[in-house]
Amino acid sequence: MGCSSAPENWGHALDMFNETFQVSASCMFSVHEFREFRMNFAWSDFFRKNLTPDVLEMMQRGDDVGDQPGYLFLCQNPAQTLYDELKMFDVNRYDELPHSNVRDITADWGFSMRVAAALNKTGPWIDGLFFQHKQDSEWKRFIGDARSDFVLPIMASSVSLGRTLQALRARYQASLSILDALGLGVFLVDATGCVIEQNKEAGRILDQKDGFALTKAKHLSLQSQDQTKALEMMVGEANGLFRGEIEKGNSLLAASRPSGEYDYLVSVRALSDSQSELEVGLKCAFVTVIDPARKGVLSAKGVMALAQLSVAEGAIVELLVQGFRLADVAARRDVSINTVKAQLKTISQKLRCSTQSDIIRTAAATRVPIDKE
């Protein structure tokens with residue numbers, strides 16, 4: 001997950017891989033099947049220390065035509081399987097390998113054999129993992145290590161998820177920024193319950209440590225176990241509604257807070273990518289959190305215009321969206337709590353709402369994004 005959400009972590013992950021499997025050096029990048037183009041590079045420690053800008057530029061522009069048969073082999077054979085150069089280039093001896101600019105460079109560094117695996121093959125792209133070895137015993141032991149059968153699929157899934165997150169950020173970051181401005185916290189949660197992306201307001205809500213938290217497994221946790229289970233069920237239902245039932249995937253929850261501030265208001269919907277614009281098979285729950293206690297975020301102006309509230313009714317809604325309870329509203333309005341309750345009943349009828357939470361959600365939904373005060 002760390003590499004998926006932050007690709008810069010891949011270098012450290014490759015270092016750990018090399019240490020575990022006793023490999024001299026490794027790198028990872030995506031190769032286009034039909035064009036001389038490489039992207040999404042990650043390098044282990046040796047390459048980070050020794051790779052020169054001119055070699056890196058050569059790799060990025062695809063000036064490694066001698067390796068094209070190897071890339072084609074990876075594309076045509078099972079993914080997440082390790083192959084040595086002799087196998088990839090269909091030769092019996094090292095001196096029979098075709099000329100390669102990359103091999104010439106790595107030979108000067110003392111490497112004698114390369115081993116590679118295609119992690120994913122999606123359309124014209126191949127996510128490739130490439131290893132450099134200095135001794136025959138090293139690469140032969142590595143290929144025969146059965147642990148790679150378990151590790152490579154995990155790495156492949158992480159790379160694939162990272163590509164999804166890149167697409168999500170590119171497509172939704174502007175929208176998430178707008179939701180920040182509106183004071184709405186947003187978590188994107190996958191089918192396993194893991195948070196794969198969040199906006200700044202969501203981070204602020206977590207930083208408050210007031211009944212909303214993120215576990216080490218990156219699962220959302222609320223103040224009580226019952227509320228946490230209810231949220232997990234809502235997320236699970238949202239992620240399961242991808243068979244023509246998207247319109248049903250809307251659930252609401254009031255999450256209590258140890259501080260006694262007005263409850264967080266949580267909404268969960270299914271995020272569908274039915275056209276596969278981001279990633280084939282993408283399934284995600286869109287968890288929105290409203291913090292009524294955050295000052296200056298919600299306004300009664302939209303509600304007043306929508307329901308044509310009186311000045312007095314608008315004043316009550318304004319206090320409610322600021323997080324005040326009925327007794328506090330009555331004190332600030334210098335009226336009895338029964339008067340406030342009667343006015344609240346009229347407001348609810350005009351807005352077709354049944355609870356204070358519904359009124360606050362309506363205030364969030366009707367807030368004008370650009371509001372000069």
# chains A, B, ... in the order shown; residues from 1 in each chain; ligands from 1

$ closest_atom_pairs --of "region 120-239 of chain A" --to "region 41-47 of chain A" --cutoff "12 Å" --atoms "only C-alpha atoms" --output "tab-separated table"
residue	atom	partner	partner_atom	distance
A:Asp127	CA	A:Phe41	CA	10.0
A:Gly128	CA	A:Phe41	CA	9.8
A:Leu129	CA	A:Ala42	CA	9.4
A:Phe130	CA	A:Trp43	CA	9.8
A:Phe131	CA	A:Ser44	CA	9.7
A:Gln132	CA	A:Phe46	CA	10.1
A:His133	CA	A:Phe46	CA	11.8
A:Val159	CA	A:Ala42	CA	11.2

$ write_last_selection --atoms "C-alpha atoms" --output "compact mmCIF listing (two decimals), in the first residue's frame"
# COMPACT_ATOMS: atom_id res chain seq x y z
CA ASP A 127 5.25 -3.42 -16.06
CA GLY A 128 8.73 -4.94 -15.96
CA LEU A 129 10.94 -5.93 -13.05
CA PHE A 130 14.62 -6.32 -14.02
CA PHE A 131 17.51 -7.76 -11.99
CA GLN A 132 21.29 -7.58 -12.41
CA HIS A 133 23.59 -10.37 -11.20
CA VAL A 159 1.89 -1.53 -9.22

$ select_by_dssp --residues "region 281-344 of chain A" --states "strand (DSSP E)" --output "list in words"
Lys283, Cys284, Ala285, Phe286, Val287, Thr288, Val289 and Ile290 of chain A

$ write_last_selection --atoms "C-alpha atoms" --output "PDB file, in the first residue's frame"
ATOM      1  CA  LYS A 283     -14.446  -0.610  -7.453  1.00  0.00           C
ATOM      2  CA  CYS A 284     -14.390   1.985  -4.730  1.00  0.00           C
ATOM      3  CA  ALA A 285     -16.586   3.460  -1.987  1.00  0.00           C
ATOM      4  CA  PHE A 286     -16.853   7.254  -1.769  1.00  0.00           C
ATOM      5  CA  VAL A 287     -17.035   8.163   1.946  1.00  0.00           C
ATOM      6  CA  THR A 288     -17.945  11.802   2.637  1.00  0.00           C
ATOM      7  CA  VAL A 289     -17.634  13.299   6.133  1.00  0.00           C
ATOM      8  CA  ILE A 290     -19.121  16.614   7.299  1.00  0.00           C
TER       9      ILE A 290
END

$ atom_distance --atom1 "CA of Leu74 (chain A)" --atom2 "CA of Leu119 (chain A)"
9.4 Å

$ closest_residue --among "A:Thr192, A:Gly240, A:Asp84, A:Asn199" --to "His219 (chain A)" --atoms "only C-alpha atoms"
A:Thr192

$ atom_distance --atom1 "CA of Lys345 (chain A)" --atom2 "CA of Arg257 (chain A)"
25.7 Å

$ select_by_dssp --residues "region 55-134 of chain A" --states "helix (DSSP H, G or I)" --output "PyMOL selection string"
chain A and resi 55-60+65-76+85-89+94-96+101-108
